[in-house]
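Data file: final_34.cif. Format and content: mmCIF, C-alpha atoms.
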```
data_coords
#
loop_
_atom_site.label_atom_id
_atom_site.label_comp_id
_atom_site.auth_asym_id
_atom_site.auth_seq_id
_atom_site.Cartn_x
_atom_site.Cartn_y
_atom_site.Cartn_z
CA LEU E 1026 -8.92 30.16 2.29
CA ALA E 1027 -7.49 27.16 0.44
CA LEU E 1028 -4.21 25.58 1.50
CA LEU E 1029 -3.20 23.35 -1.40
CA PHE E 1030 -1.10 20.36 -0.44
CA GLN E 1031 -1.35 19.01 -3.98
CA ASN E 1032 1.33 20.21 -6.37
CA ALA E 1033 -0.92 19.88 -9.43
CA PHE E 1034 -2.19 22.67 -11.70
CA GLU E 1035 -5.72 21.29 -11.38
CA ALA E 1036 -5.85 21.91 -7.63
CA ALA E 1037 -5.04 25.60 -8.10
CA LEU E 1038 -7.46 25.91 -11.02
CA ILE E 1039 -10.36 24.50 -8.99
CA SER E 1040 -9.80 26.83 -6.05
CA ALA E 1041 -9.40 29.83 -8.37
CA ALA E 1042 -12.55 28.93 -10.32
CA ALA E 1043 -14.39 28.65 -7.00
CA ARG E 1044 -13.23 32.21 -6.22
CA VAL E 1045 -11.61 31.27 -2.95
CA PRO E 1046 -10.16 34.61 -1.75
CA VAL E 1047 -6.84 33.30 -0.38
CA ARG E 1048 -5.11 30.46 -2.25
CA MET E 1049 -1.76 29.26 -0.90
CA GLY E 1050 0.44 26.51 -2.30
CA TYR E 1051 3.78 25.76 -3.88
CA ALA E 1052 4.64 27.42 -7.19
CA THR E 1053 4.66 24.14 -9.12
CA ASP E 1054 3.22 22.94 -12.43
CA GLY E 1055 3.00 26.45 -13.89
CA ARG E 1056 0.21 27.49 -11.54
CA SER E 1057 1.67 30.57 -9.82
CA ALA E 1058 -0.78 32.96 -11.50
CA LEU E 1059 -3.69 31.02 -10.01
CA LEU E 1060 -2.42 31.39 -6.44
CA THR E 1061 -2.59 34.48 -4.25
CA HIS E 1062 0.37 33.17 -2.26
CA ALA E 1063 2.69 31.10 -4.48
CA LEU E 1064 5.48 29.71 -2.33
CA PRO E 1065 8.90 28.73 -3.70
CA LEU E 1066 9.97 25.12 -3.31
CA PRO E 1067 12.25 24.73 -0.28
CA GLY E 1068 15.86 24.11 -1.24
CA TRP E 1069 16.03 21.11 1.08
CA ARG E 1070 13.08 19.28 -0.48
CA ASP E 1071 15.06 16.31 -1.83
CA GLU E 1072 17.05 15.92 1.38
CA ARG E 1073 14.32 15.83 4.06
CA HIS E 1074 11.20 13.75 4.57
CA GLU E 1075 8.02 14.74 2.74
CA VAL E 1076 6.43 15.33 6.16
CA PHE E 1077 8.48 18.52 6.43
CA TYR E 1078 7.65 19.57 2.89
CA TYR E 1079 3.95 19.72 3.77
CA LEU E 1080 4.45 21.05 7.29
CA ASN E 1081 6.32 23.93 5.69
CA LEU E 1082 3.04 24.93 4.01
CA VAL E 1083 1.32 24.94 7.40
CA ALA E 1084 4.15 27.04 8.83
CA GLU E 1085 3.82 29.56 6.01
CA LEU E 1086 0.08 29.77 6.66
CA GLU E 1087 0.67 30.25 10.38
CA GLU E 1088 3.15 33.02 9.56
CA LEU E 1089 0.57 34.70 7.30
CA LEU E 1090 -2.20 34.55 9.91
CA TYR E 1091 -0.28 35.30 13.10
CA GLY E 1092 3.02 36.86 12.05
CA SER E 1093 5.09 33.97 13.43
CA SER E 1094 5.20 30.19 13.34
CA LEU E 1095 5.84 27.55 16.00
CA ILE E 1096 5.37 24.50 13.75
CA GLY E 1097 9.08 23.90 13.31
CA GLU E 1098 9.74 23.80 17.05
CA HIS E 1099 8.05 20.43 17.53
CA GLU E 1100 8.92 16.96 16.27
CA PRO E 1101 6.01 15.63 14.16
CA GLN E 1102 4.01 12.84 15.78
CA LEU E 1103 2.11 10.54 13.44
CA ALA E 1104 -0.07 8.02 15.23
CA LEU E 1105 -3.24 6.09 14.48
CA ASN E 1106 -5.23 4.73 17.41
CA ILE E 1107 -7.68 1.87 16.90
CA SER E 1108 -10.48 1.21 19.37
CA GLU E 1109 -10.80 -2.18 21.00
CA GLU E 1110 -14.18 -2.54 19.32
CA ARG E 1111 -12.64 -2.22 15.87
CA LYS E 1112 -9.84 -4.62 16.81
CA THR E 1113 -12.45 -7.14 17.93
CA GLN E 1114 -14.27 -6.74 14.62
CA ALA E 1115 -10.97 -7.27 12.79
CA ARG E 1116 -10.30 -10.47 14.76
CA GLU E 1117 -13.76 -11.75 13.91
CA PHE E 1118 -13.22 -10.90 10.23
CA LEU E 1119 -9.86 -12.66 10.14
CA SER E 1120 -11.32 -15.72 11.85
CA SER E 1121 -14.05 -15.83 9.20
CA GLN E 1122 -11.29 -15.92 6.55
CA GLY E 1123 -9.63 -18.94 8.15
CA VAL E 1124 -6.97 -17.19 10.23
CA LEU E 1125 -5.99 -18.97 13.45
CA MET E 1126 -5.66 -16.08 15.88
CA ASN E 1127 -3.35 -17.99 18.24
CA ARG E 1128 -0.60 -17.81 15.61
CA GLN E 1129 1.67 -14.95 14.64
CA LEU E 1130 0.24 -12.75 11.90
CA VAL E 1131 2.50 -11.73 9.01
CA ALA E 1132 1.05 -9.26 6.50
CA LEU E 1133 2.57 -8.91 3.02
CA CYS E 1134 1.77 -6.14 0.56
CA PRO E 1135 3.38 -7.22 -2.74
CA GLY E 1136 1.72 -4.64 -4.99
CA SER E 1137 1.95 -0.92 -5.70
CA THR E 1138 -0.69 1.05 -7.52
CA ASN E 1139 1.47 3.67 -9.21
CA SER E 1140 4.75 1.95 -10.04
CA ARG E 1141 5.72 -1.52 -11.17
CA ALA E 1142 9.37 -0.71 -10.48
CA LYS E 1143 8.64 -0.47 -6.74
CA ARG E 1144 7.54 -4.11 -6.61
CA TRP E 1145 9.86 -6.71 -5.15
CA PRO E 1146 9.41 -9.76 -7.43
CA ALA E 1147 6.35 -11.93 -6.80
CA GLU E 1148 8.43 -15.11 -6.61
CA ARG E 1149 10.47 -13.54 -3.77
CA TYR E 1150 7.31 -12.72 -1.82
CA ALA E 1151 6.09 -16.27 -2.42
CA ALA E 1152 9.32 -17.79 -1.10
CA LEU E 1153 9.22 -15.46 1.90
CA ALA E 1154 5.60 -16.34 2.69
CA ASP E 1155 6.25 -20.08 2.45
CA ARG E 1156 9.21 -19.77 4.80
CA PHE E 1157 7.15 -17.95 7.43
CA ILE E 1158 4.47 -20.62 7.22
CA THR E 1159 6.82 -23.61 7.40
CA GLU E 1160 9.41 -22.28 9.88
CA THR E 1161 7.30 -20.20 12.26
CA GLY E 1162 3.76 -21.48 11.73
CA ALA E 1163 2.58 -17.92 11.13
CA SER E 1164 -0.58 -17.01 9.26
CA VAL E 1165 0.36 -15.01 6.17
CA LEU E 1166 -1.99 -12.34 4.85
CA LEU E 1167 -1.79 -10.85 1.37
CA ILE E 1168 -3.19 -7.33 1.49
CA GLY E 1169 -3.72 -4.50 -0.97
CA SER E 1170 -6.26 -2.62 -3.04
CA PRO E 1171 -8.35 -4.15 -5.85
CA ASP E 1172 -5.83 -2.71 -8.34
CA GLU E 1173 -3.16 -4.90 -6.75
CA LEU E 1174 -5.12 -8.16 -6.92
CA GLU E 1175 -3.27 -9.44 -9.98
CA VAL E 1176 0.14 -9.31 -8.32
CA SER E 1177 -1.23 -10.85 -5.10
CA ARG E 1178 -2.65 -13.71 -7.15
CA GLU E 1179 0.74 -14.14 -8.79
CA VAL E 1180 2.31 -14.49 -5.35
CA GLU E 1181 -0.37 -16.97 -4.29
CA LYS E 1182 0.12 -19.01 -7.47
CA ARG E 1183 3.84 -19.34 -6.83
CA MET E 1184 3.44 -20.39 -3.19
CA GLN E 1185 3.52 -24.00 -1.98
CA HIS E 1186 1.25 -23.22 0.96
CA ARG E 1187 -2.03 -21.32 1.19
CA PRO E 1188 -1.99 -17.66 2.26
CA ILE E 1189 -5.00 -15.69 3.44
CA MET E 1190 -5.99 -13.59 0.43
CA LEU E 1191 -7.33 -10.22 1.61
CA THR E 1192 -6.26 -8.11 -1.38
CA GLY E 1193 -9.29 -6.18 -2.59
CA ARG E 1194 -11.50 -7.67 0.12
CA THR E 1195 -11.26 -4.94 2.75
CA ASP E 1196 -12.17 -1.30 2.76
CA LEU E 1197 -9.68 1.20 4.16
CA ALA E 1198 -11.07 1.11 7.71
CA GLN E 1199 -10.94 -2.70 7.78
CA ALA E 1200 -7.41 -2.73 6.39
CA VAL E 1201 -6.25 -0.33 9.11
CA ALA E 1202 -7.84 -2.48 11.83
CA VAL E 1203 -6.30 -5.65 10.39
CA LEU E 1204 -2.85 -4.08 10.25
CA SER E 1205 -3.19 -3.05 13.90
CA LEU E 1206 -3.17 -6.79 14.75
CA ALA E 1207 -0.23 -7.81 12.56
CA ASP E 1208 3.03 -8.90 14.16
CA VAL E 1209 4.87 -7.47 11.16
CA LEU E 1210 4.10 -5.91 7.79
CA ILE E 1211 6.51 -6.51 4.91
CA THR E 1212 5.78 -4.26 1.98
CA ASN E 1213 7.02 -2.28 -0.96
CA ASP E 1214 7.14 1.51 -0.75
CA THR E 1215 3.34 1.88 -0.56
CA GLY E 1216 0.56 3.43 1.52
CA PRO E 1217 0.14 0.49 3.94
CA SER E 1218 3.71 0.99 5.14
CA HIS E 1219 2.77 4.41 6.52
CA ILE E 1220 -0.46 3.08 8.05
CA SER E 1221 1.28 0.18 9.77
CA ALA E 1222 4.06 2.40 11.13
CA ALA E 1223 1.52 4.94 12.41
CA LEU E 1224 -0.19 2.04 14.21
CA ASN E 1225 3.16 1.36 15.93
CA ARG E 1226 3.43 -2.07 14.34
CA PRO E 1227 6.77 -3.48 13.13
CA THR E 1228 7.05 -2.47 9.49
CA LEU E 1229 9.73 -3.55 7.01
CA VAL E 1230 9.81 -1.69 3.69
CA ILE E 1231 11.68 -2.91 0.62
CA PHE E 1232 13.06 0.09 -1.25
CA GLY E 1233 14.40 0.14 -4.79
CA PRO E 1234 13.76 3.00 -7.24
CA THR E 1235 12.46 5.50 -4.66
CA ASP E 1236 14.29 7.58 -2.06
CA PRO E 1237 13.76 6.54 1.59
CA ARG E 1238 15.05 9.90 2.79
CA THR E 1239 11.82 11.50 1.62
CA THR E 1240 9.19 8.74 1.59
CA ARG E 1241 10.07 6.15 4.23
CA PRO E 1242 7.53 5.66 7.04
CA PHE E 1243 8.05 8.39 9.60
CA SER E 1244 8.30 6.12 12.64
CA PRO E 1245 10.96 4.46 14.80
CA VAL E 1246 9.23 1.06 14.44
CA ALA E 1247 9.73 1.06 10.66
CA GLU E 1248 12.88 -0.27 9.02
CA ILE E 1249 13.97 -0.42 5.41
CA ILE E 1250 15.93 -2.85 3.26
CA ARG E 1251 17.81 -1.23 0.42
CA HIS E 1252 20.95 -1.99 -1.62
CA PRO E 1253 20.98 0.83 -4.16
CA PRO E 1254 22.96 0.44 -7.38
CA GLU E 1255 24.37 3.49 -9.13
CA CYS E 1256 21.09 4.11 -10.95
CA ALA E 1257 19.00 4.41 -7.76
CA PRO E 1258 16.95 6.29 -6.84
CA CYS E 1259 15.69 6.71 -10.41
CA MET E 1260 12.02 7.35 -9.48
CA LEU E 1261 10.92 5.56 -12.66
CA ARG E 1262 7.64 3.64 -12.79
CA ASP E 1263 9.13 0.87 -14.92
CA CYS E 1264 12.73 -0.30 -14.89
CA PRO E 1265 14.34 0.05 -18.35
CA ILE E 1266 17.12 -2.44 -17.53
CA ASP E 1267 17.21 -5.44 -15.16
CA HIS E 1268 15.51 -4.21 -11.95
CA ARG E 1269 18.76 -4.79 -10.08
CA CYS E 1270 17.78 -2.54 -7.16
CA MET E 1271 15.11 -5.07 -6.18
CA THR E 1272 16.47 -8.41 -7.37
CA ILE E 1273 19.59 -7.94 -5.24
CA ILE E 1274 17.40 -8.30 -2.12
CA SER E 1275 16.91 -11.95 -1.18
CA PRO E 1276 14.05 -13.67 0.67
CA ASP E 1277 16.61 -14.87 3.22
CA GLU E 1278 17.62 -11.31 4.07
CA VAL E 1279 14.03 -10.12 4.37
CA PHE E 1280 13.05 -13.12 6.49
CA SER E 1281 15.99 -12.55 8.83
CA ARG E 1282 15.25 -8.85 9.28
CA ALA E 1283 11.53 -9.34 9.77
CA SER E 1284 12.05 -12.18 12.25
CA ALA E 1285 14.41 -10.02 14.29
CA MET E 1286 11.84 -7.21 14.35
CA MET E 1287 9.15 -9.60 15.56
CA LYS E 1288 11.39 -10.96 18.33
CA LYS E 1289 12.27 -7.43 19.41
CA GLU E 1290 8.58 -6.54 19.60
CA VAL E 1291 7.83 -9.59 21.75
CA ALA E 1292 10.73 -8.77 24.09
CA GLU E 1293 9.57 -5.16 24.50
CA VAL E 1294 6.01 -6.26 25.26
CA GLN E 1295 7.24 -8.72 27.89
CA THR E 1296 9.35 -6.06 29.62
#
```

For this file, produce the structure as structure tokens.
Amino acid sequence: LALLFQNAFEAALISAAARVPVRMGYATDGRSALLTHALPLPGWRDERHEVFYYLNLVAELEELLYGSSLIGEHEPQLALNISEERKTQAREFLSSQGVLMNRQLVALCPGSTNSRAKRWPAERYAALADRFITETGASVLLIGSPDELEVSREVEKRMQHRPIMLTGRTDLAQAVAVLSLADVLITNDTGPSHISAALNRPTLVIFGPTDPRTTRPFSPVAEIIRHPPECAPCMLRDCPIDHRCMTIISPDEVFSRASAMMKKEVAEVQT
């Protein structure tokens, strides 16, 4: 049996070519003939979080196997737990990069691998990072994949103070462990936002061309900043006009929101 979470034609073609007897997935990308169980897209897809879109596949499979489904009766719980050993390794790694572990740790993810339109401008990230360093004494990390190194370097170049450049220098496991230690992550609508939120760390996501109803981190510790113009959400990878959905968001606003989240976290820990 193959349960295809991907919507692509290729995923159905591979499972059909492999002669998997039961092939279940959504009837997308013209692939219905390759599936033994082609499911229609739910009418609520654009109104509910993507979590429910994929859980619906699991519910359909449960219905097929057992004649009923209980998936929808429970609120989804997304959590990542990091061992103390891995946290210790992350602290040692950060110390080796020049991080002073007695200071607050602010992680910034200024890139995005699949859309330039999702990026809050590099000069805004630079101004935000400098303000954290000068006003709070925090250590600022720039994180991301190797594909995002160029934009992280652009942020670093525009800063007056030195950040800790980790973009492209960690594997996924290291990145997860590092994020588990952060006092806050400020990011575009990217993968690290979901990781950080699942780690129960304060996470602030800057949204522009994408729809937070469907792709925001599924966690109460995650917040979003968004001032959508009439053209948002456009879902475009490049803005054809003036990127107004992102330029309307100021470093002052992001700093204020993130600082409040950090103070709230400290207060909750103390109580």

Contact residues around region 1204-1216 of chain E with all atoms listed in the file at 7 Å, ignoring same-chain residues under 3 positions, as a compact mmCIF listing (two decimals) with C-alpha atoms, in the frame of the given file:
```txt
# COMPACT_ATOMS: atom_id res chain seq x y z
CA GLN E 1129 1.67 -14.95 14.64
CA LEU E 1130 0.24 -12.75 11.90
CA VAL E 1131 2.50 -11.73 9.01
CA ALA E 1132 1.05 -9.26 6.50
CA LEU E 1133 2.57 -8.91 3.02
CA CYS E 1134 1.77 -6.14 0.56
CA PRO E 1135 3.38 -7.22 -2.74
CA SER E 1137 1.95 -0.92 -5.70
CA LYS E 1143 8.64 -0.47 -6.74
CA ARG E 1144 7.54 -4.11 -6.61
CA TRP E 1145 9.86 -6.71 -5.15
CA ALA E 1200 -7.41 -2.73 6.39
CA VAL E 1201 -6.25 -0.33 9.11
CA HIS E 1219 2.77 4.41 6.52
CA ILE E 1220 -0.46 3.08 8.05
CA SER E 1221 1.28 0.18 9.77
CA LEU E 1224 -0.19 2.04 14.21
CA ARG E 1226 3.43 -2.07 14.34
CA PRO E 1227 6.77 -3.48 13.13
CA THR E 1228 7.05 -2.47 9.49
CA LEU E 1229 9.73 -3.55 7.01
CA VAL E 1230 9.81 -1.69 3.69
CA ILE E 1231 11.68 -2.91 0.62
CA PHE E 1232 13.06 0.09 -1.25
CA MET E 1287 9.15 -9.60 15.56
```

### Message
With the PyMOL selection byres ((chain E and resi 1051-1058) around 6) as the selection, what would be picked from this file? Answer as JSON, numbers by chain, please.
### Response
{"E": [1032, 1033, 1034, 1050, 1059, 1060, 1063, 1064, 1065]}

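Of the residues under consideration (E:Ala1163, E:Val1083, E:Ala1147, E:Leu1090), E:Ala1163 shows the shortest atom-to-atom contact distance to Ser1284 (chain E) when counting all atoms listed in the file.
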
Residue members of the PyMOL selection byres ((chain E and resi 1271-1277) around 9) in the file shown, as a compact mmCIF listing (two decimals) with C-alpha atoms, in the frame of the given file:
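File produced: selection01.txt:
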```txt
# COMPACT_ATOMS: atom_id res chain seq x y z
CA ALA E 1142 9.37 -0.71 -10.48
CA LYS E 1143 8.64 -0.47 -6.74
CA ARG E 1144 7.54 -4.11 -6.61
CA TRP E 1145 9.86 -6.71 -5.15
CA PRO E 1146 9.41 -9.76 -7.43
CA ARG E 1149 10.47 -13.54 -3.77
CA TYR E 1150 7.31 -12.72 -1.82
CA ALA E 1151 6.09 -16.27 -2.42
CA ALA E 1152 9.32 -17.79 -1.10
CA LEU E 1153 9.22 -15.46 1.90
CA ARG E 1156 9.21 -19.77 4.80
CA ILE E 1231 11.68 -2.91 0.62
CA PHE E 1232 13.06 0.09 -1.25
CA GLY E 1233 14.40 0.14 -4.79
CA PRO E 1234 13.76 3.00 -7.24
CA ILE E 1250 15.93 -2.85 3.26
CA ARG E 1251 17.81 -1.23 0.42
CA HIS E 1252 20.95 -1.99 -1.62
CA PRO E 1253 20.98 0.83 -4.16
CA ASP E 1267 17.21 -5.44 -15.16
CA HIS E 1268 15.51 -4.21 -11.95
CA ARG E 1269 18.76 -4.79 -10.08
CA CYS E 1270 17.78 -2.54 -7.16
CA GLU E 1278 17.62 -11.31 4.07
CA VAL E 1279 14.03 -10.12 4.37
CA PHE E 1280 13.05 -13.12 6.49
CA SER E 1281 15.99 -12.55 8.83
CA ARG E 1282 15.25 -8.85 9.28
```

### Query
Taking the file as shown, what set of residues would the PyMOL selection byres ((chain E and resi 1095-1109) around 9) give back, as a ChimeraX atom specification?
/E:1076-1077,1080-1081,1083-1084,1087-1088,1093-1094,1110-1114,1201-1202,1205,1220-1225,1243-1244

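Remark: for Leu1038 (chain E), the closest of the candidate residues E:Lys1182, E:Thr1061, E:Tyr1091, E:Gly1162 is E:Thr1061 (distances computed over all atoms listed in the file).
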
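The interatomic distance for the pair CA of Leu1082 (chain E) and CA of Val1047 (chain E) works out to 13.7 Å.
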
### Message
Report, in Å to a single decimal, how far apart CA of Gln1199 (chain E) and CA of Ala1115 (chain E) are.
### Response
6.8 Å

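Take CA of Asp1071 (chain E) and CA of Glu1255 (chain E): the distance between them is 17.4 Å.
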